[in-house]
>>> print(open('work.tsv').read())   # TSV, C-alpha atoms and all ligand atoms
chain	number	residue	atom	x	y	z
A	1	MET	CA	0.00	0.00	0.00
A	2	VAL	CA	1.33	3.44	-0.91
A	3	LYS	CA	-0.74	6.03	0.88
A	4	VAL	CA	-0.25	9.73	0.27
A	5	ALA	CA	-2.04	12.17	2.58
A	6	VAL	CA	-2.64	15.77	1.51
A	7	LEU	CA	-3.34	18.13	4.42
A	8	GLY	CA	-5.10	21.25	3.16
A	9	ALA	CA	-6.50	19.31	0.19
A	10	ALA	CA	-9.52	21.57	-0.38
A	11	GLY	CA	-7.40	24.67	-1.02
A	12	GLY	CA	-6.07	26.45	-4.06
A	13	ILE	CA	-2.99	24.21	-4.16
A	14	GLY	CA	-4.58	21.21	-2.47
A	15	GLN	CA	-7.19	20.53	-5.17
A	16	PRO	CA	-5.01	20.56	-8.30
A	17	LEU	CA	-2.19	18.84	-6.41
A	18	SER	CA	-4.58	16.06	-5.40
A	19	LEU	CA	-5.71	15.79	-9.03
A	20	LEU	CA	-2.13	15.35	-10.20
A	21	LEU	CA	-1.40	12.84	-7.43
A	22	LYS	CA	-4.51	10.87	-8.42
A	23	GLY	CA	-2.83	10.56	-11.82
A	24	ASN	CA	0.33	9.08	-10.30
A	25	THR	CA	-0.08	5.32	-10.66
A	26	ALA	CA	2.39	4.59	-7.86
A	27	VAL	CA	-0.16	5.92	-5.36
A	28	THR	CA	-2.68	3.32	-4.17
A	29	GLU	CA	-4.44	5.46	-1.57
A	30	LEU	CA	-4.95	9.21	-1.56
A	31	ALA	CA	-6.19	10.62	1.75
A	32	LEU	CA	-7.49	14.17	1.42
A	33	TYR	CA	-7.77	16.15	4.66
A	34	ASP	CA	-8.92	19.70	5.32
A	35	VAL	CA	-10.79	21.68	7.95
A	36	ALA	CA	-13.10	22.81	5.13
A	37	PRO	CA	-15.93	20.26	4.70
A	38	ILE	CA	-15.85	20.52	0.90
A	39	VAL	CA	-12.84	18.20	1.03
A	40	VAL	CA	-15.28	15.28	1.15
A	41	GLY	CA	-16.75	16.44	-2.16
A	42	VAL	CA	-13.29	16.94	-3.66
A	43	ALA	CA	-12.47	13.34	-2.76
A	44	ALA	CA	-15.76	12.08	-4.25
A	45	ASP	CA	-15.04	14.02	-7.45
A	46	LEU	CA	-11.48	12.68	-7.83
A	47	SER	CA	-12.58	9.13	-6.97
A	48	HIS	CA	-14.28	8.84	-10.40
A	49	ILE	CA	-10.93	9.03	-12.23
A	50	ASN	CA	-9.87	5.59	-13.42
A	51	THR	CA	-6.41	5.39	-11.86
A	52	PRO	CA	-5.39	2.99	-9.06
A	53	ALA	CA	-5.49	5.38	-6.09
A	54	LYS	CA	-8.49	4.93	-3.80
A	55	VAL	CA	-9.48	8.46	-2.73
A	56	THR	CA	-10.95	9.25	0.66
A	57	GLY	CA	-11.90	12.58	2.22
A	58	TYR	CA	-11.45	13.54	5.86
A	59	LYS	CA	-12.75	16.73	7.43
A	60	GLY	CA	-11.85	18.33	10.75
A	61	ASP	CA	-9.68	17.37	13.71
A	62	ASP	CA	-11.66	14.23	14.56
A	63	GLU	CA	-10.77	12.65	11.22
A	64	LEU	CA	-7.09	13.62	11.10
A	65	GLU	CA	-5.92	10.38	12.72
A	66	ARG	CA	-7.61	8.28	10.03
A	67	ALA	CA	-6.25	10.51	7.28
A	68	LEU	CA	-2.68	10.05	8.51
A	69	THR	CA	-2.54	6.46	9.72
A	70	GLY	CA	-0.44	4.36	7.34
A	71	ALA	CA	0.70	7.32	5.23
A	72	HIS	CA	3.94	6.90	3.29
A	73	ILE	CA	4.06	10.59	2.33
A	74	VAL	CA	2.30	13.53	3.97
A	75	VAL	CA	2.12	16.65	1.81
A	76	ILE	CA	1.18	19.85	3.65
A	77	PRO	CA	-0.21	22.81	1.67
A	78	ALA	CA	-2.48	23.90	4.58
A	79	GLY	CA	-2.41	27.54	5.56
A	80	ILE	CA	-3.18	31.03	4.36
A	81	PRO	CA	-1.59	32.49	1.22
A	82	ARG	CA	-0.16	36.00	0.71
A	83	LYS	CA	-1.98	39.11	-0.46
A	84	PRO	CA	-0.19	41.97	-2.24
A	85	GLY	CA	2.16	43.83	0.10
A	86	MET	CA	2.77	40.83	2.38
A	87	THR	CA	6.00	38.89	2.82
A	88	ARG	CA	5.95	35.16	3.39
A	89	ASP	CA	7.09	35.84	6.95
A	90	ASP	CA	3.83	37.78	7.47
A	91	LEU	CA	2.07	34.39	7.19
A	92	PHE	CA	3.99	33.00	10.17
A	93	LYS	CA	1.44	34.18	12.75
A	94	ILE	CA	-1.26	31.88	11.38
A	95	ASN	CA	0.61	29.19	9.47
A	96	ALA	CA	3.13	28.36	12.22
A	97	GLY	CA	0.31	27.11	14.44
A	98	ILE	CA	-1.33	25.17	11.59
A	99	VAL	CA	1.92	23.40	10.67
A	100	LYS	CA	2.69	22.68	14.32
A	101	THR	CA	-0.75	21.09	14.82
A	102	LEU	CA	-0.47	18.98	11.67
A	103	ALA	CA	3.13	17.94	12.38
A	104	THR	CA	2.12	16.94	15.92
A	105	ALA	CA	-0.52	14.64	14.48
A	106	ALA	CA	1.88	13.23	11.86
A	107	ALA	CA	4.49	12.54	14.57
A	108	LYS	CA	1.84	10.58	16.46
A	109	TYR	CA	0.00	8.73	13.71
A	110	CYS	CA	2.62	8.24	10.95
A	111	PRO	CA	6.06	8.99	12.47
A	112	LYS	CA	7.91	7.24	9.64
A	113	ALA	CA	6.19	9.10	6.81
A	114	PHE	CA	8.05	11.53	4.56
A	115	LEU	CA	6.83	15.07	5.22
A	116	ALA	CA	6.73	17.46	2.25
A	117	ILE	CA	5.97	20.93	3.56
A	118	ILE	CA	4.57	23.53	1.18
A	119	SER	CA	2.99	25.92	3.74
A	120	ASN	CA	4.78	29.25	4.00
A	121	PRO	CA	7.04	30.55	5.30
A	122	VAL	CA	8.88	27.33	4.35
A	123	ASN	CA	12.14	28.67	5.84
A	124	SER	CA	10.42	28.52	9.26
A	125	THR	CA	7.74	25.84	8.88
A	126	VAL	CA	10.32	23.10	8.20
A	127	PRO	CA	12.18	23.85	11.47
A	128	ILE	CA	8.77	23.92	13.22
A	129	ALA	CA	7.93	20.41	11.97
A	130	ALA	CA	11.41	19.16	12.86
A	131	GLU	CA	11.16	20.54	16.42
A	132	VAL	CA	7.77	18.88	16.84
A	133	PHE	CA	9.21	15.54	15.70
A	134	LYS	CA	12.21	16.01	18.04
A	135	ALA	CA	9.90	16.71	20.99
A	136	ALA	CA	7.94	13.55	20.15
A	137	GLY	CA	11.18	11.53	19.99
A	138	VAL	CA	10.59	10.44	16.37
A	139	HIS	CA	12.75	12.90	14.44
A	140	ASP	CA	14.53	11.61	11.34
A	141	PRO	CA	15.99	14.59	9.43
A	142	LYS	CA	16.15	12.51	6.25
A	143	ARG	CA	12.34	12.46	6.13
A	144	ILE	CA	11.39	16.13	6.46
A	145	PHE	CA	11.47	18.27	3.31
A	146	GLY	CA	10.61	21.85	2.49
A	147	VAL	CA	9.20	21.93	-1.04
A	148	THR	CA	11.14	24.55	-3.03
A	149	THR	CA	10.55	22.87	-6.41
A	150	LEU	CA	8.55	25.85	-7.70
A	151	ASP	CA	11.72	27.96	-7.61
A	152	ILE	CA	13.37	25.41	-9.89
A	153	THR	CA	10.44	25.21	-12.31
A	154	ARG	CA	10.44	29.03	-12.47
A	155	ALA	CA	14.18	29.20	-13.05
A	156	ASN	CA	13.96	26.58	-15.81
A	157	THR	CA	11.04	28.41	-17.43
A	158	PHE	CA	12.63	31.87	-17.36
A	159	VAL	CA	16.03	30.64	-18.59
A	160	GLY	CA	14.36	28.55	-21.31
A	161	GLU	CA	12.36	31.60	-22.45
A	162	LEU	CA	15.43	33.83	-22.56
A	163	LYS	CA	17.70	31.33	-24.30
A	164	LYS	CA	14.93	29.95	-26.51
A	165	THR	CA	15.63	26.39	-25.37
A	166	ASP	CA	13.30	23.60	-24.33
A	167	PRO	CA	12.35	24.45	-20.71
A	168	THR	CA	11.82	20.76	-19.94
A	169	ALA	CA	15.46	20.15	-20.80
A	170	THR	CA	16.70	23.16	-18.82
A	171	SER	CA	18.07	22.53	-15.36
A	172	VAL	CA	18.94	25.37	-13.00
A	173	PRO	CA	19.69	24.45	-9.40
A	174	VAL	CA	18.17	26.89	-6.90
A	175	ILE	CA	19.63	26.68	-3.42
A	176	GLY	CA	19.13	28.43	-0.06
A	177	GLY	CA	15.58	28.93	1.15
A	178	HIS	CA	12.18	29.91	-0.21
A	179	SER	CA	11.69	33.66	0.15
A	180	GLY	CA	13.12	36.70	-1.62
A	181	VAL	CA	16.86	37.02	-1.06
A	182	THR	CA	17.12	33.52	0.41
A	183	ILE	CA	16.31	32.08	-3.05
A	184	ILE	CA	19.69	31.62	-4.77
A	185	PRO	CA	19.56	30.58	-8.44
A	186	ILE	CA	22.82	29.01	-9.61
A	187	LEU	CA	22.71	30.26	-13.18
A	188	SER	CA	26.37	29.38	-13.64
A	189	ALA	CA	25.35	25.71	-13.48
A	190	SER	CA	22.67	26.02	-16.18
A	191	GLY	CA	24.98	25.40	-19.12
A	192	HIS	CA	24.22	28.87	-20.53
A	193	THR	CA	26.14	32.11	-20.43
A	194	PHE	CA	24.54	35.40	-19.48
A	195	THR	CA	25.38	39.08	-19.70
A	196	ASP	CA	25.49	40.93	-16.38
A	197	ALA	CA	22.14	42.52	-17.17
A	198	GLU	CA	20.55	39.15	-18.01
A	199	ARG	CA	21.93	37.62	-14.82
A	200	GLU	CA	20.58	40.47	-12.68
A	201	ALA	CA	17.15	40.40	-14.30
A	202	LEU	CA	16.83	36.60	-14.14
A	203	THR	CA	17.92	36.47	-10.51
A	204	GLN	CA	15.41	39.15	-9.55
A	205	ARG	CA	12.60	37.39	-11.42
A	206	ILE	CA	13.35	33.98	-9.89
A	207	GLN	CA	13.65	35.45	-6.37
A	208	TYR	CA	10.40	37.39	-6.71
A	209	GLY	CA	8.43	35.08	-9.05
A	210	GLY	CA	5.96	34.45	-6.22
A	211	ASP	CA	5.25	38.19	-5.96
A	212	GLU	CA	4.54	38.31	-9.69
A	213	VAL	CA	1.67	35.86	-9.20
A	214	VAL	CA	0.44	37.47	-5.95
A	215	LYS	CA	0.24	40.81	-7.77
A	216	ALA	CA	-1.52	39.35	-10.81
A	217	LYS	CA	-4.09	37.56	-8.62
A	218	ASP	CA	-4.69	40.93	-6.94
A	219	GLY	CA	-5.73	39.83	-3.46
A	220	ALA	CA	-7.16	36.43	-4.42
A	221	GLY	CA	-4.12	34.41	-3.36
A	222	SER	CA	-0.74	33.24	-4.60
A	223	ALA	CA	0.59	30.57	-6.96
A	224	THR	CA	-1.60	27.47	-6.83
A	225	LEU	CA	-1.50	25.70	-10.21
A	226	SER	CA	2.25	25.99	-10.80
A	227	MET	CA	2.75	24.98	-7.15
A	228	ALA	CA	0.52	21.95	-7.63
A	229	TYR	CA	2.65	20.95	-10.64
A	230	ALA	CA	5.87	21.48	-8.65
A	231	GLY	CA	4.50	19.65	-5.60
A	232	ALA	CA	3.39	16.70	-7.73
A	233	ARG	CA	6.86	16.58	-9.29
A	234	PHE	CA	8.48	16.50	-5.84
A	235	VAL	CA	6.15	13.75	-4.59
A	236	ALA	CA	6.75	11.78	-7.81
A	237	SER	CA	10.50	11.97	-7.17
A	238	LEU	CA	10.03	10.78	-3.58
A	239	LEU	CA	7.90	7.89	-4.85
A	240	ASP	CA	10.38	7.02	-7.62
A	241	ALA	CA	13.17	6.78	-5.06
A	242	SER	CA	11.32	5.13	-2.19
A	243	VAL	CA	8.76	2.87	-3.91
A	244	GLY	CA	10.14	2.54	-7.45
A	245	LYS	CA	13.67	2.06	-6.00
A	246	LYS	CA	15.04	4.22	-8.82
A	247	THR	CA	18.59	5.40	-8.30
A	248	GLY	CA	19.94	8.84	-9.09
A	249	VAL	CA	16.74	10.69	-8.19
A	250	LYS	CA	17.65	14.26	-7.23
A	251	GLU	CA	15.73	17.37	-6.24
A	252	CYS	CA	16.70	20.68	-4.71
A	253	THR	CA	14.88	20.73	-1.37
A	254	TYR	CA	15.13	22.53	1.98
A	255	VAL	CA	16.33	20.06	4.59
A	256	GLN	CA	18.44	19.80	7.72
A	257	SER	CA	21.90	20.32	6.30
A	258	THR	CA	25.51	21.12	7.03
A	259	ALA	CA	26.02	22.87	3.67
A	260	VAL	CA	26.45	26.29	5.29
A	261	GLU	CA	28.11	26.67	8.66
A	262	GLY	CA	25.73	28.16	11.21
A	263	LEU	CA	22.55	27.33	9.26
A	264	GLU	CA	20.72	24.21	10.38
A	265	TYR	CA	18.51	24.11	7.27
A	266	PHE	CA	19.41	24.84	3.68
A	267	SER	CA	18.36	23.73	0.23
A	268	THR	CA	20.88	22.16	-2.14
A	269	VAL	CA	20.65	19.24	-4.54
A	270	VAL	CA	19.54	16.23	-2.48
A	271	GLU	CA	19.71	12.62	-3.62
A	272	LEU	CA	16.58	10.72	-2.66
A	273	GLY	CA	16.61	7.07	-1.68
A	274	PRO	CA	14.38	4.49	0.00
A	275	ASP	CA	14.76	6.23	3.39
A	276	GLY	CA	14.50	9.83	2.18
A	277	ALA	CA	17.43	12.20	1.79
A	278	SER	CA	20.30	9.80	1.14
A	279	LYS	CA	22.93	12.37	0.19
A	280	ILE	CA	22.88	16.12	0.62
A	281	HIS	CA	25.13	17.79	-1.90
A	282	PRO	CA	27.28	20.70	-0.80
A	283	ILE	CA	26.97	24.16	-2.32
A	284	PRO	CA	28.33	24.00	-5.89
A	285	ALA	CA	32.09	24.57	-5.74
A	286	ASN	CA	32.36	27.11	-8.55
A	287	LEU	CA	29.92	29.85	-7.54
A	288	ASP	CA	30.66	33.02	-9.49
A	289	ALA	CA	31.12	36.36	-7.71
A	290	HIS	CA	27.44	37.28	-8.21
A	291	GLU	CA	26.30	34.00	-6.63
A	292	GLN	CA	28.75	34.40	-3.76
A	293	LYS	CA	27.15	37.77	-3.02
A	294	LEU	CA	23.66	36.25	-3.16
A	295	LEU	CA	24.73	33.57	-0.70
A	296	GLN	CA	26.11	36.11	1.75
A	297	ALA	CA	22.87	38.13	1.51
A	298	ALA	CA	20.74	35.04	2.18
A	299	ILE	CA	22.52	33.81	5.31
A	300	PRO	CA	21.33	36.36	7.94
A	301	GLU	CA	17.70	36.17	6.80
A	302	LEU	CA	17.69	32.37	6.73
A	303	LYS	CA	19.27	32.25	10.16
A	304	ALA	CA	16.54	34.51	11.59
A	305	ASN	CA	13.76	32.54	9.84
A	306	ILE	CA	15.07	29.23	11.20
A	307	GLN	CA	15.43	30.58	14.74
A	308	LYS	CA	11.91	31.99	14.61
A	309	GLY	CA	10.53	28.51	13.82
A	310	VAL	CA	12.59	26.79	16.52
A	311	ASP	CA	11.65	29.42	19.12
A	312	PHE	CA	7.96	29.12	18.24
A	313	VAL	CA	7.83	25.44	19.12
A	314	LYS	CA	9.93	25.91	22.27
A	315	ALA	CA	7.75	28.82	23.47
A	316	VAL	CA	4.49	26.96	22.86
A	317	SER	CA	5.70	23.81	24.62
A	318	SER	CA	7.24	25.55	27.66
B	1	LIG	N1	6.36	26.23	-1.04
B	1	LIG	C1	5.94	26.94	-2.05
B	1	LIG	O1	6.65	27.10	-3.05
B	1	LIG	C2	4.57	27.54	-2.04
B	1	LIG	C3	3.98	27.96	-3.25
B	1	LIG	C4	2.69	28.49	-3.22
B	1	LIG	C5	2.01	28.61	-2.02
B	1	LIG	N2	2.61	28.19	-0.86
B	1	LIG	C6	1.90	28.26	0.42
B	1	LIG	O2	0.94	27.21	0.50
B	1	LIG	C7	-0.08	27.56	1.44
B	1	LIG	C8	-1.47	27.26	0.86
B	1	LIG	O3	-1.74	28.10	-0.23
B	1	LIG	P1	-3.15	28.01	-1.01
B	1	LIG	O4	-3.10	28.98	-2.10
B	1	LIG	O5	-3.50	26.59	-1.29
B	1	LIG	O6	-4.15	28.54	0.14
B	1	LIG	P2	-5.72	28.29	0.26
B	1	LIG	O7	-6.24	29.25	1.27
B	1	LIG	O8	-6.35	28.28	-1.09
B	1	LIG	O9	-5.81	26.81	0.83
B	1	LIG	C9	-5.35	26.46	2.10
B	1	LIG	C10	-6.19	25.31	2.60
B	1	LIG	O10	-5.69	24.96	3.90
B	1	LIG	C11	-6.81	24.63	4.68
B	1	LIG	N3	-6.46	24.67	6.09
B	1	LIG	C12	-6.32	25.74	6.90
B	1	LIG	N4	-6.02	25.33	8.15
B	1	LIG	C13	-5.94	23.99	8.11
B	1	LIG	C14	-5.67	22.99	9.06
B	1	LIG	N5	-5.41	23.29	10.35
B	1	LIG	N6	-5.68	21.70	8.66
B	1	LIG	C15	-5.95	21.39	7.38
B	1	LIG	N7	-6.23	22.29	6.43
B	1	LIG	C16	-6.23	23.56	6.81
B	1	LIG	C17	-7.88	25.62	4.27
B	1	LIG	O11	-9.18	25.20	4.66
B	1	LIG	C18	-7.69	25.64	2.77
B	1	LIG	O12	-8.47	24.66	2.14
B	1	LIG	C19	0.17	29.03	1.76
B	1	LIG	O13	0.82	29.12	3.00
B	1	LIG	C20	1.07	29.50	0.64
B	1	LIG	O14	1.86	30.59	1.02
B	1	LIG	C21	3.86	27.67	-0.87
B	2	LIG	O1	4.70	33.78	-3.20
B	2	LIG	C1	4.04	33.16	-2.38
B	2	LIG	O2	3.64	33.65	-1.33
B	2	LIG	C2	3.68	31.73	-2.67
B	2	LIG	C3	4.85	30.86	-3.00
B	2	LIG	O3	5.80	30.84	-1.97
B	2	LIG	C4	5.49	31.17	-4.33
B	2	LIG	O4	6.71	31.18	-4.42
B	2	LIG	O5	4.74	31.35	-5.31
>>> encode(input="work.tsv", output="structure tokens", more="lines below")
Ligand SMILES: NC(=O)c1ccc[n+]([C@@H]2O[C@H](COP(=O)([O-])OP(=O)(O)OC[C@H]3O[C@@H](n4cnc5c(N)ncnc54)[C@H](O)[C@@H]3O)[C@@H](O)[C@H]2O)c1
Ligand SMILES: O=C(O)C[C@H](O)C(=O)O
Amino acid sequence: MVKVAVLGAAGGIGQPLSLLLKGNTAVTELALYDVAPIVVGVAADLSHINTPAKVTGYKGDDELERALTGAHIVVIPAGIPRKPGMTRDDLFKINAGIVKTLATAAAKYCPKAFLAIISNPVNSTVPIAAEVFKAAGVHDPKRIFGVTTLDITRANTFVGELKKTDPTATSVPVIGGHSGVTIIPILSASGHTFTDAEREALTQRIQYGGDEVVKAKDGAGSATLSMAYAGARFVASLLDASVGKKTGVKECTYVQSTAVEGLEYFSTVVELGPDGASKIHPIPANLDAHEQKLLQAAIPELKANIQKGVDFVKAVSS
């Protein structure tokens, strides 16, 4: 049995992500959970698609245990999205508590599951989940992931557009975290060359791609469809490595890491295996001067974001 649970499945990301996961034939059970009762209808709707996954809907706290029990992967897109003028950190007040509650339940009902956290601010929500798992005595850093895949799909799209190459064959690693200056595209590893102006413009667009969508949606939310695509890609990679036993599966993802001294969490290329993160790659050795500067700018903000998440769990539990 390969059960994937989506927490926040009735939302803007949750619905299309669940649709894409229903199309993944490695999934045999898709458990859709939300506090919004419509999740039961979303599950009924998806259950008519003729793929192997059996879809079930769970609404509200009382049904969370059943949604999580036996899960192989728990994907978490629960939480509020940004409106124009907000930073991802502005979401902390509400989303920190949501992620803590859901991680507490996952630690209890499916402690061995892989956790793929989409809820923002990812830089802080991953440390929150990790602290919850530590407090419950079930922490395995190889199994907790912050989903930053959308930064990679954006980077590949924007570079492909500029260089007029196939975006599906473009591969730009994006390291660091998932907000503004903490997003560090490694354009020097893309196989293309750029003028200074191109490099500046691309970096800015990749770092603030989320804002582009928030502005265009004009108060009605942030990226949902592209995030669903990116989330489904990340889950597919986890399934390929853990269920399909494929080797060489790699994704950039925000995990507990020693890549940067003084930062407990960082995203670099991570090799995925049957037990989760099997090898965390270091920062690419040949960063150019521009990328070195981006890295230095990211460190203080990431450090503060991580500490904020850790402190939140400690304060609530003391
Ligand atoms: N990691 C990324 O790259 C990335 C990309 C886009 C959005 N996001 C983040 O994803 C989150 C969700 O965005 P969205 O557009 O889907 O928002 P949304 O408001 O459309 O959906 C959120 C869903 O979460 C549900 N929810 C709220 N509290 C819950 C709880 N305690 N348990 C279960 N479900 C709960 C809501 O009922 C709703 O259905 C936001 O925090 C957003 O910032 C992250
Ligand atoms: O920008 C946001 O708030 C949502 C998400 O993190 C994104 O990158 O699109």
>>> residues_around(input="work.tsv", residues="Arg66 of chain A", least_positions_apart="4", cutoff="9 Å", atoms="only C-alpha atoms", output="list in words")
Ala31, Tyr58, Asp62, Gly70 and Tyr109 of chain A
>>> atom_distance(input="work.tsv", atom1="atom CA of Leu272 of chain A", atom2="atom CA of Lys250 of chain A")
5.9 Å
>>> closest_atom_pairs(input="work.tsv", of="chain A", to="ligand LIG 2 (chain B)", cutoff="7 Å", atoms="only C-alpha atoms and all ligand atoms", output="CSV")
residue,atom,partner,partner_atom,distance
A:Pro81,CA,B:LIG2,O2,5.9
A:Arg82,CA,B:LIG2,O2,4.9
A:Arg88,CA,B:LIG2,O2,5.5
A:Asn120,CA,B:LIG2,O3,6.3
A:Leu150,CA,B:LIG2,O4,6.5
A:Asp151,CA,B:LIG2,O4,6.8
A:His178,CA,B:LIG2,O3,6.7
A:Ser179,CA,B:LIG2,O3,6.9
A:Gly209,CA,B:LIG2,O4,6.3
A:Gly210,CA,B:LIG2,O1,3.3
A:Asp211,CA,B:LIG2,O1,5.2
A:Val213,CA,B:LIG2,O5,6.7
A:Val214,CA,B:LIG2,O1,6.3
A:Ser222,CA,B:LIG2,C2,5.1
A:Ala223,CA,B:LIG2,O5,4.5
A:Met227,CA,B:LIG2,O5,6.9
>>> residues_near_point(input="work.tsv", point="(20.4, 31.7, 0.5)", cutoff="8 Å", atoms="all atoms listed in the file", output="number ranges by chain")
A: 175-177, 181-184, 266, 294-299, 302
>>> atom_distance(input="work.tsv", atom1="atom CA of Ala116 of chain A", atom2="atom CA of Thr148 of chain A")
9.9 Å
>>> residues_near_ligand(input="work.tsv", ligand="ligand LIG 1 (chain B)", cutoff="6 Å", atoms="all atoms listed in the file", output="compact mmCIF listing (two decimals) with C-alpha atoms, keeping the file's coordinate frame")
# COMPACT_ATOMS: atom_id res chain seq x y z
CA LEU A 7 -3.34 18.13 4.42
CA GLY A 8 -5.10 21.25 3.16
CA ALA A 10 -9.52 21.57 -0.38
CA GLY A 11 -7.40 24.67 -1.02
CA GLY A 12 -6.07 26.45 -4.06
CA ILE A 13 -2.99 24.21 -4.16
CA GLY A 14 -4.58 21.21 -2.47
CA ASP A 34 -8.92 19.70 5.32
CA VAL A 35 -10.79 21.68 7.95
CA ALA A 36 -13.10 22.81 5.13
CA PRO A 77 -0.21 22.81 1.67
CA ALA A 78 -2.48 23.90 4.58
CA GLY A 79 -2.41 27.54 5.56
CA ILE A 80 -3.18 31.03 4.36
CA PRO A 81 -1.59 32.49 1.22
CA ARG A 82 -0.16 36.00 0.71
CA ILE A 98 -1.33 25.17 11.59
CA ILE A 118 4.57 23.53 1.18
CA SER A 119 2.99 25.92 3.74
CA ASN A 120 4.78 29.25 4.00
CA VAL A 147 9.20 21.93 -1.04
CA THR A 148 11.14 24.55 -3.03
CA LEU A 150 8.55 25.85 -7.70
CA GLY A 221 -4.12 34.41 -3.36
CA SER A 222 -0.74 33.24 -4.60
CA ALA A 223 0.59 30.57 -6.96
CA THR A 224 -1.60 27.47 -6.83
CA MET A 227 2.75 24.98 -7.15
>>> atom_distance(input="work.tsv", atom1="atom CA of Ile117 of chain A", atom2="atom CA of Lys100 of chain A")
11.4 Å
>>> closest_residue(input="work.tsv", among="A:Val55, A:Val270, A:Val255, A:Ala241", to="Pro141 of chain A", atoms="all atoms listed in the file")
A:Val255
>>> residues_around(input="work.tsv", residues="segment 191-206 of chain A", least_positions_apart="3", cutoff="9 Å", atoms="only C-alpha atoms", output="VMD selection string")
chain A and resid 151 to 152 154 to 155 158 to 159 162 to 163 170 to 172 180 to 181 183 to 188 209 to 210 212 290
>>> decode(input="work.tsv", residues="segment 164-169 of chain A", atoms="all heavy atoms", output="short mmCIF file (atom, residue, chain, number, x, y, z; two decimals), in the first residue's frame")
data_model
loop_
_atom_site.label_atom_id
_atom_site.label_comp_id
_atom_site.auth_asym_id
_atom_site.auth_seq_id
_atom_site.Cartn_x
_atom_site.Cartn_y
_atom_site.Cartn_z
N LYS A 164 15.70 30.63 -25.47
CA LYS A 164 14.93 29.95 -26.51
C LYS A 164 15.29 28.46 -26.60
O LYS A 164 15.55 27.90 -27.68
CB LYS A 164 15.13 30.63 -27.87
CG LYS A 164 14.75 32.11 -27.82
CD LYS A 164 14.56 32.72 -29.17
CE LYS A 164 14.08 34.15 -29.17
NZ LYS A 164 14.14 34.93 -27.93
N THR A 165 15.35 27.83 -25.43
CA THR A 165 15.63 26.39 -25.37
C THR A 165 14.43 25.69 -24.74
O THR A 165 13.58 26.34 -24.12
CB THR A 165 16.89 26.09 -24.53
OG1 THR A 165 16.71 26.70 -23.24
CG2 THR A 165 18.15 26.63 -25.17
N ASP A 166 14.39 24.39 -24.88
CA ASP A 166 13.30 23.60 -24.33
C ASP A 166 13.33 23.70 -22.80
O ASP A 166 14.29 23.24 -22.17
CB ASP A 166 13.51 22.14 -24.79
CG ASP A 166 12.49 21.20 -24.18
OD1 ASP A 166 11.61 21.66 -23.42
OD2 ASP A 166 12.59 19.99 -24.46
N PRO A 167 12.31 24.29 -22.18
CA PRO A 167 12.35 24.45 -20.71
C PRO A 167 12.35 23.12 -19.97
O PRO A 167 12.81 23.04 -18.83
CB PRO A 167 11.10 25.27 -20.40
CG PRO A 167 10.21 25.13 -21.58
CD PRO A 167 11.08 24.85 -22.77
N THR A 168 11.83 22.07 -20.63
CA THR A 168 11.82 20.76 -19.94
C THR A 168 13.22 20.16 -19.90
O THR A 168 13.49 19.25 -19.13
CB THR A 168 10.85 19.76 -20.61
OG1 THR A 168 11.32 19.51 -21.95
CG2 THR A 168 9.43 20.27 -20.67
N ALA A 169 14.09 20.67 -20.77
CA ALA A 169 15.46 20.15 -20.80
C ALA A 169 16.42 21.12 -20.12
O ALA A 169 17.64 20.95 -20.17
CB ALA A 169 15.89 19.90 -22.25
#
